[in-house]
$ cat query.cif   # mmCIF, C-alpha atoms
data_upload
loop_
_atom_site.group_PDB
_atom_site.id
_atom_site.type_symbol
_atom_site.label_atom_id
_atom_site.label_comp_id
_atom_site.auth_asym_id
_atom_site.auth_seq_id
_atom_site.Cartn_x
_atom_site.Cartn_y
_atom_site.Cartn_z
ATOM 1 C CA ARG L 2 33.384 -13.256 35.207
ATOM 2 C CA ARG L 3 34.343 -11.738 31.859
ATOM 3 C CA SER L 4 34.301 -15.130 30.114
ATOM 4 C CA MET L 5 30.755 -15.762 31.367
ATOM 5 C CA ALA L 6 29.445 -12.316 30.403
ATOM 6 C CA THR L 7 30.767 -12.413 26.857
ATOM 7 C CA PRO L 8 28.593 -15.330 25.657
ATOM 8 C CA ARG L 9 25.523 -13.698 27.165
ATOM 9 C CA ARG L 10 26.302 -10.453 25.342
ATOM 10 C CA VAL L 11 26.901 -12.285 22.071
ATOM 11 C CA ALA L 12 23.615 -14.160 22.495
ATOM 12 C CA THR L 13 21.770 -10.908 23.161
ATOM 13 C CA LEU L 14 23.229 -9.232 20.092
ATOM 14 C CA SER L 15 22.526 -12.299 18.002
ATOM 15 C CA ALA L 16 18.895 -12.328 19.083
ATOM 16 C CA HIS L 17 18.609 -8.624 18.267
ATOM 17 C CA PHE L 18 19.998 -8.972 14.775
ATOM 18 C CA THR L 19 18.032 -12.165 14.042
ATOM 19 C CA THR L 20 14.879 -10.121 14.588
ATOM 20 C CA HIS L 21 16.306 -7.139 12.752
ATOM 21 C CA ALA L 22 17.483 -8.980 9.635
ATOM 22 C CA PRO L 23 15.886 -12.170 8.293
ATOM 23 C CA VAL L 24 18.095 -15.065 7.320
ATOM 24 C CA VAL L 25 17.524 -15.081 3.575
ATOM 25 C CA ASN L 26 18.134 -18.558 2.204
ATOM 26 C CA ASP L 27 16.171 -21.381 0.556
ATOM 27 C CA ASP L 28 14.066 -21.797 3.683
ATOM 28 C CA TYR L 29 13.174 -18.105 3.590
ATOM 29 C CA VAL L 30 12.091 -18.391 -0.040
ATOM 30 C CA ALA L 31 9.917 -21.359 0.951
ATOM 31 C CA GLN L 32 8.370 -19.257 3.729
ATOM 32 C CA LEU L 33 7.661 -16.454 1.252
ATOM 33 C CA ARG L 34 5.753 -18.949 -0.883
ATOM 34 C CA VAL L 35 3.778 -20.057 2.162
ATOM 35 C CA ALA L 36 3.010 -16.395 2.872
ATOM 36 C CA ARG L 37 1.791 -15.957 -0.681
ATOM 37 C CA GLU L 38 -0.561 -18.937 -0.419
ATOM 38 C CA GLU L 39 -1.912 -17.754 2.930
ATOM 39 C CA THR L 40 -2.480 -14.307 1.444
ATOM 40 C CA LEU L 41 -4.472 -15.830 -1.413
ATOM 41 C CA ARG L 42 -6.631 -17.758 1.065
ATOM 42 C CA LEU L 43 -7.183 -14.602 3.069
ATOM 43 C CA LEU L 44 -8.186 -12.645 -0.030
ATOM 44 C CA ASP L 45 -10.616 -15.329 -1.149
ATOM 45 C CA GLU L 46 -12.231 -15.309 2.294
ATOM 46 C CA THR L 47 -12.362 -11.592 3.042
ATOM 47 C CA ASN L 48 -11.763 -9.593 -0.185
ATOM 48 C CA CYS L 49 -9.379 -7.420 1.821
ATOM 49 C CA ASN L 50 -7.350 -6.481 -1.281
ATOM 50 C CA PRO L 51 -7.699 -2.683 -0.904
ATOM 51 C CA ILE L 52 -6.617 -2.422 2.725
ATOM 52 C CA LEU L 53 -3.551 -4.602 2.134
ATOM 53 C CA VAL L 54 -2.499 -2.309 -0.732
ATOM 54 C CA ARG L 55 -3.110 0.744 1.464
ATOM 55 C CA LEU L 56 -1.007 -0.734 4.295
ATOM 56 C CA ALA L 57 1.980 -1.412 2.043
ATOM 57 C CA TRP L 58 1.709 2.043 0.480
ATOM 58 C CA HIS L 59 1.570 3.752 3.881
ATOM 59 C CA ASP L 60 4.593 1.831 5.157
ATOM 60 C CA ALA L 61 6.659 2.667 2.065
ATOM 61 C CA GLY L 62 5.223 6.110 1.329
ATOM 62 C CA THR L 63 6.961 7.877 4.206
ATOM 63 C CA TYR L 64 10.307 7.581 2.407
ATOM 64 C CA ASP L 65 12.627 10.571 2.027
ATOM 65 C CA ALA L 66 15.143 10.048 -0.786
ATOM 66 C CA ALA L 67 17.313 12.867 0.581
ATOM 67 C CA LEU L 68 18.132 10.545 3.500
ATOM 68 C CA ALA L 69 18.585 7.425 1.384
ATOM 69 C CA HIS L 70 21.977 6.621 2.900
ATOM 70 C CA ASP L 71 20.776 7.004 6.483
ATOM 71 C CA TRP L 72 18.659 3.942 7.290
ATOM 72 C CA PRO L 73 16.187 3.854 9.007
ATOM 73 C CA LYS L 74 15.930 7.650 9.251
ATOM 74 C CA CYS L 75 15.081 7.685 5.540
ATOM 75 C CA GLN L 76 11.873 5.872 6.553
ATOM 76 C CA GLY L 77 9.959 3.811 3.997
ATOM 77 C CA ALA L 78 9.284 0.071 3.630
ATOM 78 C CA ASN L 79 10.804 -1.140 6.883
ATOM 79 C CA GLY L 80 7.759 -2.501 8.729
ATOM 80 C CA SER L 81 7.574 0.410 11.168
ATOM 81 C CA ILE L 82 3.845 0.920 10.602
ATOM 82 C CA ARG L 83 3.157 -2.128 12.785
ATOM 83 C CA PHE L 84 4.054 -0.089 15.876
ATOM 84 C CA ASP L 85 1.357 1.937 17.649
ATOM 85 C CA ALA L 86 3.397 5.135 17.415
ATOM 86 C CA GLU L 87 3.057 5.133 13.626
ATOM 87 C CA LEU L 88 -0.196 3.231 13.327
ATOM 88 C CA GLY L 89 -1.775 6.039 15.329
ATOM 89 C CA HIS L 90 -0.990 8.685 12.693
ATOM 90 C CA GLY L 91 -4.137 10.285 11.305
ATOM 91 C CA ALA L 92 -3.465 9.032 7.785
ATOM 92 C CA ASN L 93 -3.288 5.453 9.079
ATOM 93 C CA ALA L 94 -6.771 5.355 10.618
ATOM 94 C CA GLY L 95 -8.294 1.908 10.238
ATOM 95 C CA LEU L 96 -5.041 0.135 9.348
ATOM 96 C CA SER L 97 -4.904 -1.823 12.600
ATOM 97 C CA LYS L 98 -7.274 -4.219 10.822
ATOM 98 C CA ALA L 99 -4.680 -4.727 8.084
ATOM 99 C CA ILE L 100 -1.960 -5.381 10.661
ATOM 100 C CA GLY L 101 -4.179 -8.172 11.974
ATOM 101 C CA TYR L 102 -4.235 -9.694 8.493
ATOM 102 C CA ILE L 103 -0.437 -9.485 8.270
ATOM 103 C CA LYS L 104 -0.109 -11.216 11.634
ATOM 104 C CA ARG L 105 -2.299 -14.018 10.318
ATOM 105 C CA ILE L 106 0.007 -14.382 7.306
ATOM 106 C CA LYS L 107 3.097 -14.330 9.527
ATOM 107 C CA ALA L 108 1.598 -16.978 11.791
ATOM 108 C CA LYS L 109 1.942 -19.345 8.822
ATOM 109 C CA ALA L 110 5.309 -17.923 7.718
ATOM 110 C CA PRO L 111 6.986 -16.566 10.880
ATOM 111 C CA ALA L 112 10.441 -16.151 9.367
ATOM 112 C CA VAL L 113 9.197 -13.569 6.853
ATOM 113 C CA SER L 114 9.900 -10.009 7.988
ATOM 114 C CA PHE L 115 6.976 -7.669 8.586
ATOM 115 C CA ALA L 116 8.256 -5.370 5.842
ATOM 116 C CA ASP L 117 8.326 -8.244 3.349
ATOM 117 C CA ALA L 118 4.947 -9.597 4.456
ATOM 118 C CA MET L 119 3.291 -6.213 3.900
ATOM 119 C CA GLN L 120 4.734 -5.658 0.443
ATOM 120 C CA LEU L 121 4.122 -9.258 -0.616
ATOM 121 C CA ALA L 122 0.496 -9.102 0.544
ATOM 122 C CA ALA L 123 -0.102 -5.935 -1.469
ATOM 123 C CA ALA L 124 1.471 -7.335 -4.639
ATOM 124 C CA VAL L 125 -0.564 -10.531 -4.326
ATOM 125 C CA ALA L 126 -3.726 -8.497 -3.609
ATOM 126 C CA ILE L 127 -3.267 -6.464 -6.794
ATOM 127 C CA GLU L 128 -2.742 -9.543 -8.949
ATOM 128 C CA HIS L 129 -5.624 -11.370 -7.247
ATOM 129 C CA ALA L 130 -7.949 -8.456 -8.084
ATOM 130 C CA GLY L 131 -7.039 -8.710 -11.774
ATOM 131 C CA GLY L 132 -4.074 -6.358 -11.807
ATOM 132 C CA PRO L 133 -0.542 -6.915 -13.098
ATOM 133 C CA LYS L 134 2.044 -9.223 -11.596
ATOM 134 C CA ILE L 135 4.512 -6.994 -9.744
ATOM 135 C CA PRO L 136 8.239 -7.812 -10.144
ATOM 136 C CA MET L 137 8.950 -7.995 -6.419
ATOM 137 C CA ARG L 138 12.176 -8.509 -4.494
ATOM 138 C CA TYR L 139 12.257 -9.736 -0.889
ATOM 139 C CA GLY L 140 14.636 -9.818 2.045
ATOM 140 C CA ARG L 141 13.698 -6.511 3.711
ATOM 141 C CA ILE L 142 14.995 -5.803 7.181
ATOM 142 C CA ASP L 143 12.532 -4.682 9.855
ATOM 143 C CA VAL L 144 13.084 -1.842 12.270
ATOM 144 C CA VAL L 145 12.788 -3.193 15.802
ATOM 145 C CA GLN L 146 11.545 -0.370 18.002
ATOM 146 C CA GLU L 147 9.011 2.450 18.014
ATOM 147 C CA THR L 148 11.711 5.113 18.139
ATOM 148 C CA GLU L 149 12.512 4.131 14.541
ATOM 149 C CA CYS L 150 8.987 4.911 13.319
ATOM 150 C CA ALA L 151 8.284 7.416 10.557
ATOM 151 C CA VAL L 152 7.404 10.991 11.417
ATOM 152 C CA GLU L 153 3.810 12.018 10.834
ATOM 153 C CA GLY L 154 2.904 14.097 7.794
ATOM 154 C CA ASN L 155 4.866 12.451 4.981
ATOM 155 C CA LEU L 156 1.822 10.918 3.261
ATOM 156 C CA PRO L 157 -0.307 12.922 0.817
ATOM 157 C CA ASP L 158 -3.474 14.758 1.806
ATOM 158 C CA ALA L 159 -6.561 14.321 -0.382
ATOM 159 C CA GLU L 160 -7.842 17.850 0.144
ATOM 160 C CA ALA L 161 -6.567 21.242 1.254
ATOM 161 C CA PRO L 162 -5.082 22.471 3.471
ATOM 162 C CA TYR L 163 -2.061 20.473 2.353
ATOM 163 C CA GLY L 164 0.556 19.519 4.880
ATOM 164 C CA THR L 165 3.381 20.484 2.542
ATOM 165 C CA GLY L 166 2.070 24.028 2.305
ATOM 166 C CA ALA L 167 1.243 23.585 -1.389
ATOM 167 C CA ALA L 168 -1.254 25.964 -2.948
ATOM 168 C CA THR L 169 -2.729 23.333 -5.291
ATOM 169 C CA ALA L 170 -3.394 19.606 -5.312
ATOM 170 C CA ALA L 171 -0.956 19.056 -8.190
ATOM 171 C CA GLU L 172 1.807 20.903 -6.365
ATOM 172 C CA HIS L 173 1.117 18.859 -3.229
ATOM 173 C CA LEU L 174 1.311 15.555 -5.101
ATOM 174 C CA ARG L 175 4.651 16.575 -6.544
ATOM 175 C CA ASP L 176 5.924 17.683 -3.136
ATOM 176 C CA VAL L 177 5.191 14.241 -1.702
ATOM 177 C CA PHE L 178 6.150 11.984 -4.607
ATOM 178 C CA TYR L 179 9.183 13.932 -5.762
ATOM 179 C CA ARG L 180 10.516 13.596 -2.196
ATOM 180 C CA MET L 181 10.433 9.832 -2.751
ATOM 181 C CA GLY L 182 12.037 10.030 -6.195
ATOM 182 C CA PHE L 183 9.008 9.564 -8.451
ATOM 183 C CA ASN L 184 8.244 11.464 -11.653
ATOM 184 C CA ASP L 185 4.917 12.697 -13.051
ATOM 185 C CA ARG L 186 4.199 9.525 -15.021
ATOM 186 C CA GLU L 187 4.803 7.377 -11.944
ATOM 187 C CA ILE L 188 2.595 9.639 -9.812
ATOM 188 C CA VAL L 189 -0.324 9.146 -12.196
ATOM 189 C CA ALA L 190 0.293 5.411 -12.506
ATOM 190 C CA LEU L 191 0.417 4.871 -8.738
ATOM 191 C CA SER L 192 -2.715 6.960 -8.272
ATOM 192 C CA GLY L 193 -4.494 4.391 -10.419
ATOM 193 C CA ALA L 194 -4.513 2.099 -7.379
ATOM 194 C CA HIS L 195 -7.680 3.999 -6.441
ATOM 195 C CA THR L 196 -9.410 1.759 -8.950
ATOM 196 C CA ILE L 197 -9.874 -0.491 -5.907
ATOM 197 C CA GLY L 198 -10.857 0.489 -2.405
ATOM 198 C CA ARG L 199 -13.001 2.950 -0.509
ATOM 199 C CA ALA L 200 -12.766 6.017 1.716
ATOM 200 C CA PHE L 201 -14.685 6.381 4.976
ATOM 201 C CA LYS L 202 -15.973 9.340 6.938
ATOM 202 C CA GLU L 203 -14.482 7.842 10.109
ATOM 203 C CA ARG L 204 -11.021 7.437 8.571
ATOM 204 C CA SER L 205 -9.984 10.106 6.078
ATOM 205 C CA GLY L 206 -13.108 12.210 6.521
ATOM 206 C CA VAL L 207 -13.151 13.107 2.809
ATOM 207 C CA THR L 208 -16.606 11.646 2.294
ATOM 208 C CA SER L 209 -19.930 11.703 4.123
ATOM 209 C CA PHE L 210 -20.276 7.934 3.657
ATOM 210 C CA GLY L 211 -19.159 5.911 6.636
ATOM 211 C CA TYR L 212 -19.142 2.532 8.330
ATOM 212 C CA GLY L 213 -22.060 0.150 7.841
ATOM 213 C CA ALA L 214 -24.578 -0.750 5.163
ATOM 214 C CA LYS L 215 -26.865 2.179 5.947
ATOM 215 C CA ASN L 216 -23.975 4.601 5.508
ATOM 216 C CA GLY L 217 -22.665 3.265 2.200
ATOM 217 C CA THR L 218 -23.366 4.069 -1.422
ATOM 218 C CA LYS L 219 -25.301 1.854 -3.801
ATOM 219 C CA TYR L 220 -21.949 0.244 -4.623
ATOM 220 C CA THR L 221 -20.716 -0.257 -1.053
ATOM 221 C CA GLY L 222 -23.840 -0.463 1.113
ATOM 222 C CA CYS L 223 -24.565 -4.154 0.646
ATOM 223 C CA PRO L 224 -22.095 -6.671 2.119
ATOM 224 C CA PHE L 225 -22.598 -8.928 -0.920
ATOM 225 C CA MET L 226 -22.257 -6.411 -3.748
ATOM 226 C CA ASN L 227 -20.807 -7.789 -6.996
ATOM 227 C CA ALA L 228 -17.666 -5.682 -6.694
ATOM 228 C CA ARG L 229 -15.176 -8.459 -7.425
ATOM 229 C CA LYS L 230 -13.388 -8.916 -10.735
ATOM 230 C CA ASP L 231 -15.220 -12.207 -11.295
ATOM 231 C CA GLY L 232 -18.603 -10.685 -10.427
ATOM 232 C CA ALA L 233 -19.146 -13.264 -7.681
ATOM 233 C CA GLU L 234 -21.053 -12.378 -4.546
ATOM 234 C CA GLY L 235 -18.072 -12.588 -2.221
ATOM 235 C CA GLU L 236 -18.304 -11.272 1.328
ATOM 236 C CA ILE L 237 -16.653 -7.842 1.320
ATOM 237 C CA GLY L 238 -16.294 -7.563 5.069
ATOM 238 C CA MET L 239 -17.585 -4.328 6.517
ATOM 239 C CA PRO L 240 -19.946 -2.516 4.125
ATOM 240 C CA GLY L 241 -20.012 1.249 3.767
ATOM 241 C CA GLY L 242 -17.809 4.104 2.636
ATOM 242 C CA ALA L 243 -17.463 5.523 -0.861
ATOM 243 C CA SER L 244 -15.458 4.089 -3.753
ATOM 244 C CA TRP L 245 -13.861 5.697 -6.803
ATOM 245 C CA THR L 246 -15.204 2.979 -9.120
ATOM 246 C CA ARG L 247 -18.285 0.770 -9.360
ATOM 247 C CA GLN L 248 -16.381 -2.522 -9.148
ATOM 248 C CA TRP L 249 -14.006 -1.435 -6.419
ATOM 249 C CA LEU L 250 -12.530 -4.907 -5.904
ATOM 250 C CA LYS L 251 -11.517 -5.197 -9.561
ATOM 251 C CA PHE L 252 -8.090 -3.843 -10.521
ATOM 252 C CA ASP L 253 -8.245 -2.330 -14.006
ATOM 253 C CA ASN L 254 -8.146 1.155 -15.554
ATOM 254 C CA SER L 255 -11.685 2.141 -14.506
ATOM 255 C CA TYR L 256 -10.287 4.909 -12.311
ATOM 256 C CA PHE L 257 -9.016 6.710 -15.402
ATOM 257 C CA ASN L 258 -12.412 6.487 -17.083
ATOM 258 C CA ARG L 259 -13.807 8.815 -14.424
ATOM 259 C CA GLU L 260 -16.959 6.847 -13.693
ATOM 260 C CA TYR L 261 -17.993 9.519 -11.184
ATOM 261 C CA ILE L 262 -19.031 11.785 -14.088
ATOM 262 C CA THR L 263 -22.189 9.737 -14.611
ATOM 263 C CA ASP L 264 -22.777 9.008 -10.913
ATOM 264 C CA ASN L 265 -21.176 11.677 -8.752
ATOM 265 C CA ALA L 266 -23.667 11.115 -5.938
ATOM 266 C CA HIS L 267 -22.290 7.622 -5.311
ATOM 267 C CA LEU L 268 -18.687 7.721 -6.525
ATOM 268 C CA LEU L 269 -15.731 9.555 -5.042
ATOM 269 C CA TRP L 270 -13.521 12.138 -6.777
ATOM 270 C CA LEU L 271 -11.178 14.346 -4.761
ATOM 271 C CA SER L 272 -9.026 17.360 -5.531
ATOM 272 C CA THR L 273 -5.931 15.198 -5.879
ATOM 273 C CA ASP L 274 -7.821 12.987 -8.352
ATOM 274 C CA ALA L 275 -8.964 15.970 -10.392
ATOM 275 C CA ALA L 276 -5.399 17.294 -10.526
ATOM 276 C CA LEU L 277 -4.339 14.239 -12.519
ATOM 277 C CA HIS L 278 -6.553 15.067 -15.503
ATOM 278 C CA THR L 279 -6.421 18.875 -15.290
ATOM 279 C CA ASP L 280 -2.713 19.492 -14.718
ATOM 280 C CA PRO L 281 -0.997 19.827 -18.126
ATOM 281 C CA GLU L 282 1.900 17.534 -17.170
ATOM 282 C CA PHE L 283 -0.187 14.844 -15.481
ATOM 283 C CA SER L 284 -3.031 14.849 -17.996
ATOM 284 C CA PRO L 285 -1.322 13.089 -20.963
ATOM 285 C CA HIS L 286 -0.522 10.069 -18.776
ATOM 286 C CA PHE L 287 -4.034 10.015 -17.321
ATOM 287 C CA LYS L 288 -5.586 10.043 -20.795
ATOM 288 C CA ARG L 289 -3.227 7.344 -22.070
ATOM 289 C CA TYR L 290 -4.130 5.012 -19.203
ATOM 290 C CA ALA L 291 -7.848 5.616 -19.825
ATOM 291 C CA LEU L 292 -7.384 4.378 -23.392
ATOM 292 C CA ASP L 293 -4.851 1.604 -22.793
ATOM 293 C CA CYS L 294 -5.146 -0.660 -19.762
ATOM 294 C CA ASN L 295 -2.014 -2.562 -20.790
ATOM 295 C CA ALA L 296 0.002 0.658 -20.696
ATOM 296 C CA PHE L 297 -1.361 1.385 -17.234
ATOM 297 C CA PHE L 298 -0.526 -2.112 -15.991
ATOM 298 C CA TYR L 299 3.010 -1.915 -17.378
ATOM 299 C CA ASP L 300 3.755 1.441 -15.784
ATOM 300 C CA PHE L 301 1.951 0.634 -12.551
ATOM 301 C CA ALA L 302 3.845 -2.622 -12.031
ATOM 302 C CA ALA L 303 7.184 -0.862 -12.429
ATOM 303 C CA ALA L 304 6.175 2.065 -10.211
ATOM 304 C CA PHE L 305 4.750 -0.158 -7.474
ATOM 305 C CA ALA L 306 7.869 -2.333 -7.430
ATOM 306 C CA LYS L 307 9.900 0.862 -7.021
ATOM 307 C CA LEU L 308 7.595 2.074 -4.245
ATOM 308 C CA SER L 309 7.911 -1.256 -2.427
ATOM 309 C CA GLU L 310 11.677 -0.763 -2.234
ATOM 310 C CA CYS L 311 11.597 2.868 -1.095
ATOM 311 C CA GLY L 312 13.580 2.990 2.134
ATOM 312 C CA ALA L 313 13.934 -0.796 2.203
ATOM 313 C CA ARG L 314 17.180 -2.317 3.400
ATOM 314 C CA PHE L 315 17.750 -5.790 1.982
ATOM 315 C CA VAL L 316 19.826 -8.725 3.157
ATOM 316 C CA GLY L 317 22.307 -9.039 0.326
ATOM 317 C CA ALA L 318 20.733 -8.589 -3.079
ATOM 318 C CA GLY L 319 17.380 -9.924 -1.914
ATOM 319 C CA VAL L 320 15.443 -12.803 -3.444
ATOM 320 C CA THR L 321 12.502 -13.364 -5.751
ATOM 321 C CA ILE L 322 9.792 -16.017 -5.739
#
$ encode --input "query.cif" --output "structure tokens"
Amino acid sequence: RRSMATPRRVATLSAHFTTHAPVVNDDYVAQLRVAREETLRLLDETNCNPILVRLAWHDAGTYDAALAHDWPKCQGANGSIRFDAELGHGANAGLSKAIGYIKRIKAKAPAVSFADAMQLAAAVAIEHAGGPKIPMRYGRIDVVQETECAVEGNLPDAEAPYGTGAATAAEHLRDVFYRMGFNDREIVALSGAHTIGRAFKERSGVTSFGYGAKNGTKYTGCPFMNARKDGAEGEIGMPGGASWTRQWLKFDNSYFNREYITDNAHLLWLSTDAALHTDPEFSPHFKRYALDCNAFFYDFAAAFAKLSECGARFVGAGVTI
């Protein structure tokens, strides 16, 4: 009886760890390239760049560097956001749609881990929107059960009251990003991702603009607005919400030019945004990025690559494509 049970146990453990850790070899690299091509097709069809970036950020942004040697308790880029327990966090409202996009990508490249698929999709989405090429590494291991999900409250709040107990927006940003191991320059650079995307009343609640054309701004209310980097009338999916920039599907340094100043009725600017150009330590970086898009791209690419590896556990040294 023992000789029969042992193979079954080995098979069970093997199946568990095959799911847990991808086999990273030439075939895996080929699957990553397939995932990249499918992501590009998806972006061309749906212009879903912002929500893919948001998904990757929310998976990685729960990381606690103090627990770096205790995976997966350190949280971070481990694919846990795909589970309902974490997807249901208040900060993740609306991201079930993004998980659907990732499942479409994985249907074409099933060997790619969820954690890799999310970070790859975000990097491709940034480049597709006109942003920098991110120096990405792949081979992330997925968590396999909901009990390994991140705790709620590790992502930043846009407005007070702040979950960290901070008295100011600048203090709150530092509480969150310092926990992950980022410095002031990296905080400002990563915040520049708000150059693309929107906020919705039904999700974050930080704006009165919500779902649907009638509830959008003059930049988001029409489903065929010229928001793309190429100015083409691409379908943007669901209209509505409020954006930080006029061309909210174009990744550049427009966020740092504070377009809301000349159109604050239709463009978003939150307390955490204002902190970046009023805080004396954040402000020099903010001003530099407003003047020099290349400097922003350089710093953003490095900071995003770092973010994408926060809490990630790789098979070996990982791979690039």
$ atom_distance --input "query.cif" --atom1 "atom CA of Leu269 of chain L" --atom2 "atom CA of Thr40 of chain L"
28.1 Å
$ closest_atom_pairs --input "query.cif" --of "segment 60-92 of chain L" --to "segment 181-184 of chain L" --cutoff "9 Å" --atoms "all atoms listed in the file" --output "CSV"
residue,atom,partner,partner_atom,distance
L:Gly62,CA,L:Met181,CA,7.6
L:Thr63,CA,L:Met181,CA,8.0
L:Tyr64,CA,L:Met181,CA,5.6
L:Asp65,CA,L:Met181,CA,5.3
L:Ala66,CA,L:Met181,CA,5.1
L:Ala67,CA,L:Met181,CA,8.2
$ residues_around --input "query.cif" --residues "Leu68 of chain L" --least-positions-apart "6" --cutoff "12 Å" --atoms "all atoms listed in the file" --output "list of chain:residue names"
L:Lys74, L:Cys75, L:Gln76, L:Gly77, L:Arg180, L:Met181, L:Gly182, L:Cys311, L:Gly312
$ residues_around --input "query.cif" --residues "segment 203-210 of chain L" --least-positions-apart "3" --cutoff "10 Å" --atoms "all atoms listed in the file" --output "number ranges by chain"
L: 91-96, 158-160, 199-200, 213-218, 221-222, 241-244, 267-271
$ closest_residue --input "query.cif" --among "L:Arg289, L:Arg141, L:Lys219, L:Arg37" --to "Ile103 of chain L" --atoms "all atoms listed in the file"
L:Arg37
$ resolve_selection --input "query.cif" --expression "the PyMOL selection byres ((chain L and resi 85-90) around 10)" --output "ChimeraX atom specification"
/L:56,59-60,81-84,91-97,100,146-154
$ resolve_selection --input "query.cif" --expression "the PyMOL selection byres ((chain L and resi 250) around 9)" --output "list in words"
Asn48, Cys49, Asn50, Pro51, Ala130, Gly131, Thr196, Ile197, Gly198, Asn227, Ala228, Arg229, Lys230, Ile237, Thr246, Arg247, Gln248, Trp249, Lys251 and Phe252 of chain L
$ residues_around --input "query.cif" --residues "Thr273 of chain L" --least-positions-apart "3" --cutoff "12 Å" --atoms "only C-alpha atoms" --output "count of residues only"
30
$ residues_around --input "query.cif" --residues "Asn79 of chain L" --least-positions-apart "6" --cutoff "7 Å" --atoms "all atoms listed in the file" --output "PDB file with C-alpha atoms, keeping the file's coordinate frame"
ATOM      1  CA  ALA L 116       8.256  -5.370   5.842  1.00  0.00           C
ATOM      2  CA  ARG L 141      13.698  -6.511   3.711  1.00  0.00           C
ATOM      3  CA  ILE L 142      14.995  -5.803   7.181  1.00  0.00           C
ATOM      4  CA  ASP L 143      12.532  -4.682   9.855  1.00  0.00           C
ATOM      5  CA  VAL L 144      13.084  -1.842  12.270  1.00  0.00           C
ATOM      6  CA  GLY L 312      13.580   2.990   2.134  1.00  0.00           C
ATOM      7  CA  ALA L 313      13.934  -0.796   2.203  1.00  0.00           C
TER       8      ALA L 313
END
